[in-house]
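Text of input_8.cif, listed as mmCIF, C-alpha atoms:
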```cif
data_model
#
loop_
_atom_site.label_atom_id
_atom_site.label_comp_id
_atom_site.auth_asym_id
_atom_site.auth_seq_id
_atom_site.Cartn_x
_atom_site.Cartn_y
_atom_site.Cartn_z
CA MET A 21 -32.32 0.30 2.57
CA HIS A 22 -31.34 -0.41 -1.05
CA TRP A 23 -28.63 -3.03 -0.55
CA LEU A 24 -27.79 -3.44 -4.22
CA ARG A 25 -27.20 0.30 -4.57
CA PHE A 26 -25.16 0.19 -1.37
CA ALA A 27 -22.98 -2.63 -2.79
CA VAL A 28 -22.38 -0.72 -6.04
CA LEU A 29 -21.48 2.48 -4.17
CA VAL A 30 -19.05 0.69 -1.82
CA LEU A 31 -17.40 -1.23 -4.68
CA LEU A 32 -17.01 1.97 -6.70
CA ALA A 33 -15.42 3.74 -3.72
CA THR A 34 -13.11 0.77 -3.06
CA VAL A 35 -11.93 0.58 -6.67
CA LEU A 36 -11.37 4.36 -6.84
CA GLN A 37 -9.47 4.30 -3.55
CA ALA A 38 -7.25 1.41 -4.72
CA SER A 39 -6.50 2.85 -8.15
CA PHE A 40 -7.10 6.55 -8.63
CA PHE A 41 -6.15 7.69 -5.11
CA ALA A 42 -3.64 4.91 -4.35
CA ASP A 43 -0.41 6.73 -5.18
CA LEU A 44 -1.28 10.14 -3.78
CA ASN A 45 0.46 11.21 -0.60
CA SER A 46 -2.41 13.35 0.64
CA LYS A 47 -5.79 11.91 -0.17
CA PRO A 48 -9.31 11.63 1.17
CA ASP A 49 -10.56 8.22 2.29
CA LEU A 50 -13.76 7.60 0.32
CA LEU A 51 -14.69 4.60 2.48
CA LEU A 52 -14.38 6.69 5.65
CA ILE A 53 -16.71 9.27 4.10
CA LEU A 54 -19.22 6.53 3.23
CA LEU A 55 -18.93 5.14 6.78
CA VAL A 56 -20.02 8.46 8.27
CA PHE A 57 -22.66 8.95 5.56
CA PHE A 58 -24.40 5.65 6.32
CA ALA A 59 -24.02 6.09 10.08
CA VAL A 60 -25.79 9.44 9.79
CA HIS A 61 -28.42 8.57 7.17
CA CYS A 62 -29.47 4.99 8.01
CA ASP A 63 -31.47 3.13 10.57
CA THR A 64 -29.17 2.05 13.45
CA SER A 65 -29.28 -1.67 12.56
CA ASP A 66 -28.50 -0.92 8.91
CA ALA A 67 -25.74 1.47 10.00
CA ILE A 68 -24.06 -1.32 12.01
CA ILE A 69 -24.14 -3.68 9.00
CA CYS A 70 -22.91 -0.92 6.67
CA SER A 71 -20.02 -0.03 9.01
CA PHE A 72 -18.67 -3.58 9.13
CA VAL A 73 -19.15 -4.13 5.38
CA ILE A 74 -17.33 -0.86 4.56
CA GLY A 75 -14.56 -1.91 6.97
CA PHE A 76 -14.29 -5.23 5.18
CA ALA A 77 -14.00 -3.37 1.84
CA ALA A 78 -11.26 -1.17 3.34
CA ASP A 79 -9.41 -4.33 4.44
CA LEU A 80 -9.54 -5.71 0.89
CA ILE A 81 -7.30 -2.87 -0.26
CA GLY A 82 -5.32 -2.54 2.99
CA PRO A 83 -2.16 -4.27 4.20
CA THR A 84 -3.93 -6.95 6.26
CA MET A 85 -7.45 -8.30 6.68
CA GLY A 86 -9.43 -7.58 9.85
CA PRO A 87 -8.19 -4.35 11.50
CA GLN A 88 -10.31 -1.92 9.52
CA MET A 89 -13.40 -4.13 9.68
CA ILE A 90 -13.19 -4.00 13.47
CA SER A 91 -12.27 -0.32 13.79
CA TYR A 92 -14.81 0.89 11.20
CA GLY A 93 -17.44 -1.38 12.79
CA ILE A 94 -16.86 0.00 16.27
CA PHE A 95 -16.76 3.69 15.34
CA GLY A 96 -19.49 3.47 12.67
CA SER A 97 -21.83 1.84 15.20
CA ALA A 98 -20.85 4.35 17.88
CA LEU A 99 -21.54 7.23 15.49
CA ALA A 100 -24.94 5.75 14.57
CA TYR A 101 -25.87 5.58 18.28
CA LEU A 102 -24.49 9.07 18.86
CA HIS A 103 -26.60 10.38 15.99
CA ARG A 104 -29.70 9.24 17.88
CA VAL A 105 -28.76 11.69 20.63
CA ILE A 106 -27.06 14.51 18.69
CA ALA A 107 -28.32 15.00 15.11
CA ILE A 108 -25.34 15.32 12.74
CA LYS A 109 -27.23 17.25 10.07
CA GLN A 110 -25.30 20.42 9.46
CA ILE A 111 -22.11 20.51 7.42
CA PRO A 112 -19.81 21.69 10.29
CA TYR A 113 -20.99 18.77 12.43
CA GLN A 114 -20.45 16.37 9.53
CA ILE A 115 -16.92 17.73 9.04
CA ILE A 116 -16.14 17.22 12.73
CA ALA A 117 -17.72 13.73 12.69
CA ILE A 118 -15.62 12.62 9.69
CA PHE A 119 -12.43 14.11 11.15
CA ILE A 120 -12.80 12.51 14.59
CA THR A 121 -14.00 9.15 13.19
CA GLY A 122 -11.04 9.15 10.76
CA LEU A 123 -8.53 9.79 13.53
CA LEU A 124 -10.01 7.22 15.95
CA ALA A 125 -10.71 4.48 13.38
CA GLY A 126 -7.28 4.98 11.80
CA SER A 127 -5.52 4.79 15.19
CA VAL A 128 -7.34 1.59 16.21
CA ALA A 129 -6.66 0.01 12.78
CA CYS A 130 -2.94 0.83 13.14
CA LEU A 131 -2.92 -0.64 16.65
CA LEU A 132 -4.59 -3.86 15.44
CA ASN A 133 -2.18 -4.00 12.47
CA PHE A 134 0.70 -3.70 14.92
CA LEU A 135 -0.76 -6.47 17.13
CA LYS A 136 -0.99 -8.67 14.05
CA GLY A 137 2.74 -8.16 13.44
CA GLU A 138 2.55 -5.61 10.65
CA PRO A 139 5.04 -2.83 11.46
CA SER A 140 3.64 0.68 11.42
CA PRO A 141 5.49 3.72 10.04
CA PRO A 142 7.55 5.69 12.60
CA LYS A 143 5.52 8.90 12.13
CA ILE A 144 1.94 7.67 12.06
CA ILE A 145 0.17 10.76 13.39
CA ALA A 146 0.84 13.04 10.40
CA PRO A 147 -0.57 10.69 7.70
CA LEU A 148 -3.60 9.84 9.84
CA PHE A 149 -4.23 13.52 10.49
CA GLY A 150 -3.86 14.27 6.75
CA ILE A 151 -6.32 11.58 5.66
CA ALA A 152 -8.86 12.63 8.32
CA LEU A 153 -8.52 16.31 7.34
CA TYR A 154 -8.84 15.74 3.58
CA SER A 155 -11.78 13.38 4.11
CA SER A 156 -13.57 15.87 6.34
CA ILE A 157 -13.14 18.63 3.75
CA VAL A 158 -14.30 16.51 0.79
CA GLY A 159 -16.86 14.39 2.68
CA PRO A 160 -19.88 16.71 3.01
CA PHE A 161 -19.74 17.44 -0.74
CA LEU A 162 -20.00 13.71 -1.49
CA PHE A 163 -22.99 13.28 0.85
CA LEU A 164 -25.41 14.84 -1.64
CA PRO A 165 -24.65 12.56 -4.65
CA SER A 166 -24.49 9.56 -2.27
CA ALA A 167 -27.94 10.43 -0.86
CA TRP A 168 -29.29 10.83 -4.41
CA TRP A 169 -27.86 7.45 -5.43
CA MET A 170 -29.19 5.72 -2.31
CA HIS A 171 -32.62 7.39 -2.63
CA ILE A 172 -32.26 8.77 0.90
CA ARG A 173 -34.02 11.90 2.00
CA LYS A 174 -32.46 14.27 4.52
CA PRO A 175 -32.77 12.75 8.00
CA GLY A 176 -34.98 14.59 10.45
CA ARG A 177 -33.70 15.32 13.93
CA PHE A 178 -34.33 12.28 16.15
CA GLY A 179 -36.40 10.88 13.28
CA ARG A 180 -34.72 7.47 13.26
CA ARG A 181 -35.61 4.16 14.79
CA MET B 4 -44.06 -21.87 2.25
CA ALA B 5 -44.39 -19.01 4.64
CA TRP B 6 -41.17 -17.10 5.35
CA LYS B 7 -40.45 -16.57 8.98
CA HIS B 8 -39.21 -13.05 9.62
CA ILE B 9 -36.01 -13.27 11.62
CA THR B 10 -35.32 -10.38 13.96
CA VAL B 11 -31.88 -9.88 15.43
CA SER B 12 -31.22 -7.34 18.12
CA ARG B 13 -28.69 -4.60 17.41
CA ARG B 14 -26.48 -5.86 20.19
CA MET B 15 -26.35 -9.37 18.73
CA LEU B 16 -25.73 -7.96 15.25
CA PHE B 17 -22.78 -5.98 16.56
CA VAL B 18 -21.39 -8.96 18.50
CA TRP B 19 -21.63 -11.27 15.47
CA PHE B 20 -19.86 -8.82 13.20
CA MET B 21 -17.17 -8.19 15.82
CA LEU B 22 -16.66 -11.93 16.13
CA ALA B 23 -16.37 -12.21 12.34
CA GLY B 24 -13.85 -9.36 12.37
CA PHE B 25 -11.69 -11.00 15.02
CA ILE B 26 -11.83 -14.37 13.21
CA ILE B 27 -10.59 -12.67 10.03
CA LEU B 28 -7.96 -10.73 12.01
CA LEU B 29 -6.59 -13.85 13.69
CA SER B 30 -6.73 -16.07 10.59
CA PRO B 31 -3.38 -16.86 8.93
CA GLN B 32 -2.21 -14.18 6.53
CA ASN B 33 -1.88 -16.56 3.57
CA LEU B 34 -5.57 -17.45 3.98
CA THR B 35 -6.87 -13.90 4.25
CA ASN B 36 -4.65 -12.76 1.36
CA LYS B 37 -6.87 -14.83 -0.90
CA PHE B 38 -9.69 -12.32 -0.34
CA GLN B 39 -7.43 -9.44 -1.39
CA PHE B 40 -6.09 -11.26 -4.46
CA ALA B 41 -9.64 -12.30 -5.43
CA PHE B 42 -10.73 -8.65 -5.27
CA THR B 43 -7.79 -7.63 -7.48
CA ARG B 44 -8.56 -10.45 -9.92
CA ILE B 45 -12.27 -9.63 -10.20
CA PHE B 46 -11.79 -5.87 -10.49
CA ARG B 47 -8.58 -5.92 -12.48
CA TRP B 48 -10.07 -4.01 -15.41
CA PRO B 49 -11.52 -1.02 -13.47
CA LEU B 50 -8.40 -0.93 -11.27
CA SER B 51 -6.18 -0.66 -14.37
CA ILE B 52 -8.36 2.09 -15.84
CA GLY B 53 -8.17 4.09 -12.60
CA ARG B 54 -4.39 3.73 -12.55
CA ASN B 55 -4.08 4.75 -16.22
CA ILE B 56 -6.16 7.87 -15.60
CA SER B 57 -3.98 8.68 -12.60
CA LEU B 58 -0.83 8.21 -14.70
CA SER B 59 -2.09 10.27 -17.63
CA ALA B 60 -2.95 13.08 -15.21
CA ALA B 61 0.78 13.45 -14.55
CA THR B 62 1.74 15.57 -17.54
CA ARG B 63 4.89 14.70 -19.43
CA LYS B 64 6.53 17.27 -21.71
CA PRO B 65 7.31 15.91 -25.18
CA LEU B 66 10.97 16.09 -26.16
CA LYS B 67 11.66 18.26 -29.18
CA ASP B 68 15.33 17.48 -29.72
CA LYS B 69 15.88 13.98 -31.10
CA ASP B 70 19.30 13.81 -29.38
CA MET B 71 17.70 14.24 -25.96
CA VAL B 72 16.25 11.49 -23.80
CA SER B 73 13.55 11.76 -21.17
CA ARG B 74 14.40 12.01 -17.49
CA ASN B 75 13.07 8.49 -16.87
CA GLU B 76 15.19 7.08 -19.68
CA HIS B 77 18.22 9.02 -18.38
CA GLU B 78 17.74 7.59 -14.87
CA ARG B 79 17.23 4.10 -16.27
CA LEU B 80 20.50 4.32 -18.21
CA LEU B 81 22.35 5.73 -15.19
CA ASN B 82 21.08 2.78 -13.12
CA HIS B 83 22.25 0.41 -15.83
CA VAL B 84 25.73 1.96 -15.77
CA ALA B 85 25.86 1.70 -11.96
CA ASN B 86 24.86 -1.97 -12.12
CA ILE B 87 27.36 -2.79 -14.85
CA THR B 88 30.13 -1.01 -12.95
CA GLN B 89 29.27 -2.92 -9.79
CA GLN B 90 29.15 -6.23 -11.69
CA ARG B 91 32.50 -5.45 -13.26
CA ASP B 92 34.04 -4.79 -9.84
CA VAL B 93 32.55 -7.97 -8.37
CA LEU B 94 33.68 -10.03 -11.34
CA TYR B 95 37.13 -8.51 -11.14
CA GLU B 96 37.37 -9.45 -7.45
CA GLU B 97 36.11 -12.95 -8.17
CA ASN B 98 38.51 -13.26 -11.04
CA VAL B 99 41.43 -12.28 -8.86
CA LYS B 100 40.42 -14.66 -6.07
CA LEU B 101 39.26 -17.62 -8.12
CA THR B 102 41.30 -17.58 -11.28
CA LYS B 103 41.60 -21.32 -11.27
CA ILE B 104 37.92 -22.10 -10.79
CA ARG B 105 35.52 -21.85 -13.69
CA ASN B 106 32.67 -19.68 -12.57
CA LYS B 107 29.49 -18.82 -14.44
CA PRO B 108 28.62 -15.10 -14.22
CA ALA B 109 25.73 -14.43 -11.86
CA TRP B 110 23.35 -12.99 -14.45
CA GLU B 111 23.67 -16.02 -16.72
CA ARG B 112 22.00 -18.05 -13.99
CA ALA B 113 19.17 -15.57 -13.54
CA GLY B 114 15.85 -15.39 -15.30
CA PHE B 115 13.72 -12.27 -15.56
CA VAL B 116 9.95 -12.60 -15.39
CA PRO B 117 8.23 -9.50 -16.86
CA ALA B 118 5.07 -8.38 -15.12
CA ASP B 119 2.48 -5.63 -15.45
CA VAL B 120 1.48 -3.51 -12.48
CA ILE B 121 -2.21 -3.67 -11.55
CA THR B 122 -2.25 -1.34 -8.57
CA VAL B 123 0.32 0.88 -6.90
CA SER B 124 0.03 2.10 -3.35
CA VAL B 125 2.89 4.40 -2.41
CA ASP B 126 2.08 6.85 0.35
CA ASN B 127 3.07 7.78 3.89
CA LEU B 128 1.76 4.51 5.32
CA HIS B 129 2.46 1.82 2.71
CA GLY B 130 4.55 0.97 -0.30
CA LYS B 131 3.21 -1.96 -2.28
CA LEU B 132 2.36 -3.08 -5.78
CA ILE B 133 0.12 -5.84 -7.07
CA ILE B 134 1.27 -7.51 -10.29
CA ASN B 135 -0.27 -9.95 -12.77
CA ARG B 136 2.21 -12.80 -12.23
CA GLY B 137 2.09 -15.54 -9.60
CA LYS B 138 3.13 -19.04 -8.63
CA GLU B 139 2.34 -20.37 -12.10
CA ASP B 140 4.99 -18.04 -13.52
CA GLY B 141 7.61 -19.37 -11.12
CA LEU B 142 7.34 -16.60 -8.55
CA GLU B 143 7.82 -17.19 -4.85
CA LYS B 144 8.22 -15.10 -1.71
CA ASN B 145 11.30 -12.89 -1.20
CA LEU B 146 12.31 -12.71 -4.88
CA PHE B 147 13.79 -9.33 -5.84
CA VAL B 148 11.93 -7.00 -8.18
CA LEU B 149 13.45 -4.61 -10.72
CA ALA B 150 12.10 -1.43 -12.29
CA ASP B 151 14.23 0.71 -14.62
CA ASN B 152 17.25 -1.50 -13.81
CA SER B 153 17.05 -0.85 -10.08
CA ILE B 154 15.78 -2.95 -7.20
CA ILE B 155 12.47 -1.66 -5.88
CA GLY B 156 11.46 -4.38 -3.41
CA THR B 157 10.69 -8.02 -2.85
CA ILE B 158 7.67 -10.26 -3.28
CA SER B 159 5.76 -10.50 0.00
CA ASP B 160 2.74 -12.63 -0.95
CA VAL B 161 2.07 -14.89 -3.92
CA ASP B 162 -1.18 -16.27 -5.28
CA THR B 163 -1.61 -18.50 -8.35
CA HIS B 164 -1.80 -15.61 -10.82
CA ARG B 165 -1.10 -12.56 -8.65
CA ALA B 166 1.66 -11.37 -6.34
CA ARG B 167 2.14 -8.49 -3.97
CA ILE B 168 5.42 -6.62 -3.89
CA ARG B 169 6.58 -4.90 -0.74
CA LEU B 170 8.68 -1.91 -1.76
CA PHE B 171 11.89 -1.31 0.15
CA THR B 172 10.36 1.95 1.34
CA ASP B 173 7.47 0.16 3.08
CA PRO B 174 7.68 0.41 6.90
CA ALA B 175 7.56 -3.40 7.11
CA SER B 176 10.58 -3.81 4.84
CA ASP B 177 14.17 -4.61 5.86
CA THR B 178 16.77 -4.82 3.08
CA ALA B 179 20.46 -5.65 3.33
CA VAL B 180 22.50 -2.99 1.54
CA ARG B 181 26.17 -2.44 0.92
CA ILE B 182 27.73 0.86 1.92
CA GLY B 183 31.48 1.01 1.53
CA ASP B 184 32.85 -2.39 2.46
CA ALA B 185 30.19 -3.27 5.03
CA ASN B 186 26.64 -4.59 4.93
CA TRP B 187 23.88 -2.62 6.66
CA ILE B 188 20.16 -3.05 7.16
CA MET B 189 18.01 -0.45 5.45
CA LYS B 190 14.54 -0.03 6.96
CA GLY B 191 11.64 1.45 5.04
CA CYS B 192 9.95 4.43 6.66
CA GLY B 193 7.07 5.16 4.23
CA ASN B 194 6.66 8.30 2.12
CA ASN B 195 8.86 6.69 -0.58
CA GLN B 196 11.94 6.75 1.68
CA ALA B 197 14.08 4.30 3.66
CA LYS B 198 16.73 4.81 6.35
CA VAL B 199 20.05 3.31 7.30
CA LYS B 200 20.92 4.20 10.88
CA MET B 201 24.09 4.48 12.94
CA LEU B 202 26.66 4.64 10.17
CA LYS B 203 30.19 5.34 11.36
CA GLU B 204 31.06 7.71 8.53
CA LYS B 205 29.28 10.53 6.79
CA VAL B 206 27.94 9.59 3.36
CA LYS B 207 27.78 12.09 0.50
CA ILE B 208 24.36 13.08 -0.79
CA GLY B 209 23.73 11.41 -4.14
CA THR B 210 25.81 8.34 -3.30
CA LYS B 211 24.39 5.22 -4.95
CA ILE B 212 23.30 2.49 -2.53
CA MET B 213 23.57 -1.14 -3.63
CA ALA B 214 21.39 -4.04 -2.43
CA SER B 215 23.68 -6.74 -1.04
CA LYS B 216 23.80 -10.02 -2.89
CA ARG B 217 21.75 -12.78 -1.33
CA PRO B 218 22.38 -16.39 -2.32
CA GLY B 219 19.45 -17.85 -4.22
CA PHE B 220 17.78 -14.49 -4.70
CA LEU B 221 20.30 -11.91 -5.93
CA GLY B 222 23.55 -13.06 -7.50
CA THR B 223 25.32 -9.72 -7.59
CA PRO B 224 24.84 -6.35 -5.83
CA MET B 225 22.43 -4.06 -7.67
CA ILE B 226 21.53 -0.43 -7.33
CA ILE B 227 18.55 0.18 -5.04
CA GLY B 228 18.58 3.88 -4.21
CA LYS B 229 20.52 7.05 -3.65
CA VAL B 230 21.27 9.06 -0.54
CA VAL B 231 19.13 12.19 -0.25
CA ARG B 232 19.94 13.15 3.34
CA CYS B 233 22.70 12.46 5.84
CA GLU B 234 22.24 13.73 9.38
CA HIS B 235 23.63 13.16 12.87
CA ASN B 236 22.25 10.31 14.92
CA ASP B 237 21.21 10.94 18.54
CA GLN B 238 24.53 9.39 19.52
CA PRO B 239 27.60 11.47 18.72
CA LEU B 240 29.87 10.40 15.86
CA LEU B 241 27.17 8.30 14.23
CA TRP B 242 25.15 9.17 11.12
CA ASP B 243 21.71 8.32 9.74
CA ILE B 244 21.10 8.39 6.00
CA THR B 245 17.83 8.67 4.12
CA VAL B 246 17.58 6.78 0.84
CA GLU B 247 15.11 7.26 -2.02
CA PRO B 248 14.49 5.00 -5.03
CA VAL B 249 16.41 5.81 -8.21
CA CYS B 250 13.36 5.30 -10.40
CA ASN B 251 9.83 6.64 -10.40
CA ILE B 252 7.98 3.63 -9.01
CA LYS B 253 4.57 5.27 -9.35
CA GLU B 254 4.99 5.61 -13.11
CA SER B 255 6.53 2.18 -13.75
CA ASP B 256 4.17 0.25 -16.01
CA SER B 257 6.18 -2.93 -16.28
CA ILE B 258 8.67 -4.49 -13.94
CA HIS B 259 10.86 -7.60 -13.85
CA ILE B 260 11.22 -10.23 -11.16
CA ILE B 261 14.64 -11.83 -10.75
CA VAL B 262 14.38 -15.62 -10.57
CA MET B 263 17.79 -17.13 -9.86
CA ASN B 264 18.40 -20.59 -11.38
CA PRO B 265 14.99 -20.78 -13.07
CA SER B 266 13.67 -24.20 -14.11
CA GLU B 267 13.57 -24.23 -17.93
#
```

What does the file become when written as structure tokens?
Amino acid sequence: MHWLRFAVLVLLATVLQASFFADLNSKPDLLLILLVFFAVHCDTSDAIICSFVIGFAADLIGPTMGPQMISYGIFGSALAYLHRVIAIKQIPYQIIAIFITGLLAGSVACLLNFLKGEPSPPKIIAPLFGIALYSSIVGPFLFLPSAWWMHIRKPGRFGRR
Amino acid sequence: MAWKHITVSRRMLFVWFMLAGFIILLSPQNLTNKFQFAFTRIFRWPLSIGRNISLSAATRKPLKDKDMVSRNEHERLLNHVANITQQRDVLYEENVKLTKIRNKPAWERAGFVPADVITVSVDNLHGKLIINRGKEDGLEKNLFVLADNSIIGTISDVDTHRARIRLFTDPASDTAVRIGDANWIMKGCGNNQAKVKMLKEKVKIGTKIMASKRPGFLGTPMIIGKVVRCEHNDQPLLWDITVEPVCNIKESDSIHIIVMNPSE
């Protein structure tokens, strides 16, 4: 795992998310896409570290610190373990993985935000659904440049430790 | 010296990170905000570039007629007129009531701190800005913020050189507003909108909504938004109104923070 390249990629995604995509109503979540990418393409131990680090980056540009680190950590790790059983190689599977991870991680983050005392919007489902949908559409197309940047070859089925 | 290779099981790795996450989650907000402000401070330059690209992507038609003004300028002037009219009415009332007491007009006691916007986040879930002014510029929590002569929100967190503004449309925001002769609480609902619920009378669409004055923070009512929808509440004879800002917050480059009774 090239950790320096990983850091650059995550920082780039965080800055883009906080500036370029910040004031769009319907937008993909670049960090969610990276979460699924690393869960699918990395060794399970590395995937766990990547999930929590990406969650921490998402918290840096979010309303409060902590909720996304926990939710991304849980669902990134779960996806990495799931990938050991069911290979998420093909684009339709990747789309479904991003969509479901986006919905679940977003819901848990909102719940944790609420427990921390941060009020959530009255209609939370529609924005969460929108972000998950846009991310799942854009995500697979960003996997290729991300794999090139990280010097990762296509994962073989069950070919991970 | 020989390095000892440390191996950590996946389960322990996960538990440690979860523990770290919960420690961060349960830490006081003013402590964890420092991480967010540090990120904004370090990456201020790329964040500004990203925002400028985003702004320039929104095409603006050049005005050909020199007697015409842009829509933003028109809205800014309309807000100014609404504020002046409101100030005139308040001063008139004060003048009638307190003719014998010398009273300094509210705005003479106020200072305006200009600030540049670093990042804007206005979407369905949040409404917040981060600006390049902080405690060293005299800012503190709950101060009101102006853009194009209208109130857009209040300061929610302050660092030494940075501050976060919670827009009145943010779901966590409650703002006292004046409708008719009564004060009401306007709650943000995301998506650049806020709501005032259970009004006793129907309000016309387009009606200007004023933020109520708040001693120490806002000396006189100021325009905050306009009514875009008025619909029946679940209870009969009551109305809910939806309010939108009277300026384009996403395109506001510079804003002003109202500091009442500033130290010279």

Which residues are close to Glu254 of chain B, i.e. within 12 Å by all atoms listed in the file, leaving aside same-chain residues fewer than 4 positions away? Reply as a short mmCIF file (atom, residue, chain, number, x, y, z; two decimals) with C-alpha atoms, in the coordinates of the input.
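Output saved as out-v5.cif:
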```
data_model
loop_
_atom_site.label_atom_id
_atom_site.label_comp_id
_atom_site.auth_asym_id
_atom_site.auth_seq_id
_atom_site.Cartn_x
_atom_site.Cartn_y
_atom_site.Cartn_z
CA ASP A 43 -0.41 6.73 -5.18
CA ARG B 54 -4.39 3.73 -12.55
CA ASN B 55 -4.08 4.75 -16.22
CA ILE B 56 -6.16 7.87 -15.60
CA SER B 57 -3.98 8.68 -12.60
CA LEU B 58 -0.83 8.21 -14.70
CA SER B 59 -2.09 10.27 -17.63
CA ALA B 60 -2.95 13.08 -15.21
CA ALA B 61 0.78 13.45 -14.55
CA THR B 62 1.74 15.57 -17.54
CA ARG B 63 4.89 14.70 -19.43
CA ASN B 75 13.07 8.49 -16.87
CA ASP B 119 2.48 -5.63 -15.45
CA VAL B 120 1.48 -3.51 -12.48
CA ILE B 121 -2.21 -3.67 -11.55
CA THR B 122 -2.25 -1.34 -8.57
CA VAL B 123 0.32 0.88 -6.90
CA SER B 124 0.03 2.10 -3.35
CA VAL B 125 2.89 4.40 -2.41
CA LEU B 132 2.36 -3.08 -5.78
CA ALA B 150 12.10 -1.43 -12.29
CA ASP B 151 14.23 0.71 -14.62
CA CYS B 250 13.36 5.30 -10.40
CA ILE B 258 8.67 -4.49 -13.94
#
```

Inset, instruction - Given the file shown, determine the residues that the PyMOL selection byres ((chain B) within 8 of (chain A)) selects; report them as a PyMOL selection string. - result: chain B and resi 13+16-17+20-21+24-29+32+35-36+38-39+42+46+49-54+56-57+122-129+174-175+192-194+253

Okay, now the selection with C-alpha atoms, as a PDB file, in the frame of the given file?
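What ended up in selection-v5.pdb:
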```pdb
ATOM      1  CA  ARG B  13     -28.690  -4.600  17.410  1.00  0.00           C
ATOM      2  CA  LEU B  16     -25.730  -7.960  15.250  1.00  0.00           C
ATOM      3  CA  PHE B  17     -22.780  -5.980  16.560  1.00  0.00           C
ATOM      4  CA  PHE B  20     -19.860  -8.820  13.200  1.00  0.00           C
ATOM      5  CA  MET B  21     -17.170  -8.190  15.820  1.00  0.00           C
ATOM      6  CA  GLY B  24     -13.850  -9.360  12.370  1.00  0.00           C
ATOM      7  CA  PHE B  25     -11.690 -11.000  15.020  1.00  0.00           C
ATOM      8  CA  ILE B  26     -11.830 -14.370  13.210  1.00  0.00           C
ATOM      9  CA  ILE B  27     -10.590 -12.670  10.030  1.00  0.00           C
ATOM     10  CA  LEU B  28      -7.960 -10.730  12.010  1.00  0.00           C
ATOM     11  CA  LEU B  29      -6.590 -13.850  13.690  1.00  0.00           C
ATOM     12  CA  GLN B  32      -2.210 -14.180   6.530  1.00  0.00           C
ATOM     13  CA  THR B  35      -6.870 -13.900   4.250  1.00  0.00           C
ATOM     14  CA  ASN B  36      -4.650 -12.760   1.360  1.00  0.00           C
ATOM     15  CA  PHE B  38      -9.690 -12.320  -0.340  1.00  0.00           C
ATOM     16  CA  GLN B  39      -7.430  -9.440  -1.390  1.00  0.00           C
ATOM     17  CA  PHE B  42     -10.730  -8.650  -5.270  1.00  0.00           C
ATOM     18  CA  PHE B  46     -11.790  -5.870 -10.490  1.00  0.00           C
ATOM     19  CA  PRO B  49     -11.520  -1.020 -13.470  1.00  0.00           C
ATOM     20  CA  LEU B  50      -8.400  -0.930 -11.270  1.00  0.00           C
ATOM     21  CA  SER B  51      -6.180  -0.660 -14.370  1.00  0.00           C
ATOM     22  CA  ILE B  52      -8.360   2.090 -15.840  1.00  0.00           C
ATOM     23  CA  GLY B  53      -8.170   4.090 -12.600  1.00  0.00           C
ATOM     24  CA  ARG B  54      -4.390   3.730 -12.550  1.00  0.00           C
ATOM     25  CA  ILE B  56      -6.160   7.870 -15.600  1.00  0.00           C
ATOM     26  CA  SER B  57      -3.980   8.680 -12.600  1.00  0.00           C
ATOM     27  CA  THR B 122      -2.250  -1.340  -8.570  1.00  0.00           C
ATOM     28  CA  VAL B 123       0.320   0.880  -6.900  1.00  0.00           C
ATOM     29  CA  SER B 124       0.030   2.100  -3.350  1.00  0.00           C
ATOM     30  CA  VAL B 125       2.890   4.400  -2.410  1.00  0.00           C
ATOM     31  CA  ASP B 126       2.080   6.850   0.350  1.00  0.00           C
ATOM     32  CA  ASN B 127       3.070   7.780   3.890  1.00  0.00           C
ATOM     33  CA  LEU B 128       1.760   4.510   5.320  1.00  0.00           C
ATOM     34  CA  HIS B 129       2.460   1.820   2.710  1.00  0.00           C
ATOM     35  CA  PRO B 174       7.680   0.410   6.900  1.00  0.00           C
ATOM     36  CA  ALA B 175       7.560  -3.400   7.110  1.00  0.00           C
ATOM     37  CA  CYS B 192       9.950   4.430   6.660  1.00  0.00           C
ATOM     38  CA  GLY B 193       7.070   5.160   4.230  1.00  0.00           C
ATOM     39  CA  ASN B 194       6.660   8.300   2.120  1.00  0.00           C
ATOM     40  CA  LYS B 253       4.570   5.270  -9.350  1.00  0.00           C
TER      41      LYS B 253
END
```

Inset, instruction - Provide the atom CA of Met170 of chain A to atom CA of Val18 of chain B distance in Å, to one decimal place. - result: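 Atom-to-atom, atom CA of Met170 of chain A to atom CA of Val18 of chain B, that is 26.6 Å.
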
Inset, instruction - For the structure shown, which residues end up in the PyMOL selection byres ((chain A and resi 109-114) around 12)? Put them as a ChimeraX atom specification, please? - result: /A:53-61,99,103-104,106-108,115-122,155-164,173-179

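Of the residues listed (B:Arg181, B:Arg169, B:Ala113, B:Met201), B:Ala113 shows the shortest atom-to-atom separation from Leu221 of chain B; distances use all atoms listed in the file.
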
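Coordinates place atom CA of Val161 of chain B at a distance of 7.2 Å from atom CA of Leu142 of chain B.
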
Inset, instruction - Record the distance separating atom CA of Ile261 of chain B and atom CA of Ala166 of chain B, expressed in Å with one decimal. - result: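 If I compute the distance from atom CA of Ile261 of chain B to atom CA of Ala166 of chain B, I get 13.7 Å.
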
Inset, instruction - Could you state which residues are captured by the PyMOL selection byres ((chain B and resi 187) around 12) in this file, as a PyMOL selection string? - result: chain B and resi 177-186+188-190+198-203+212-215+243-244
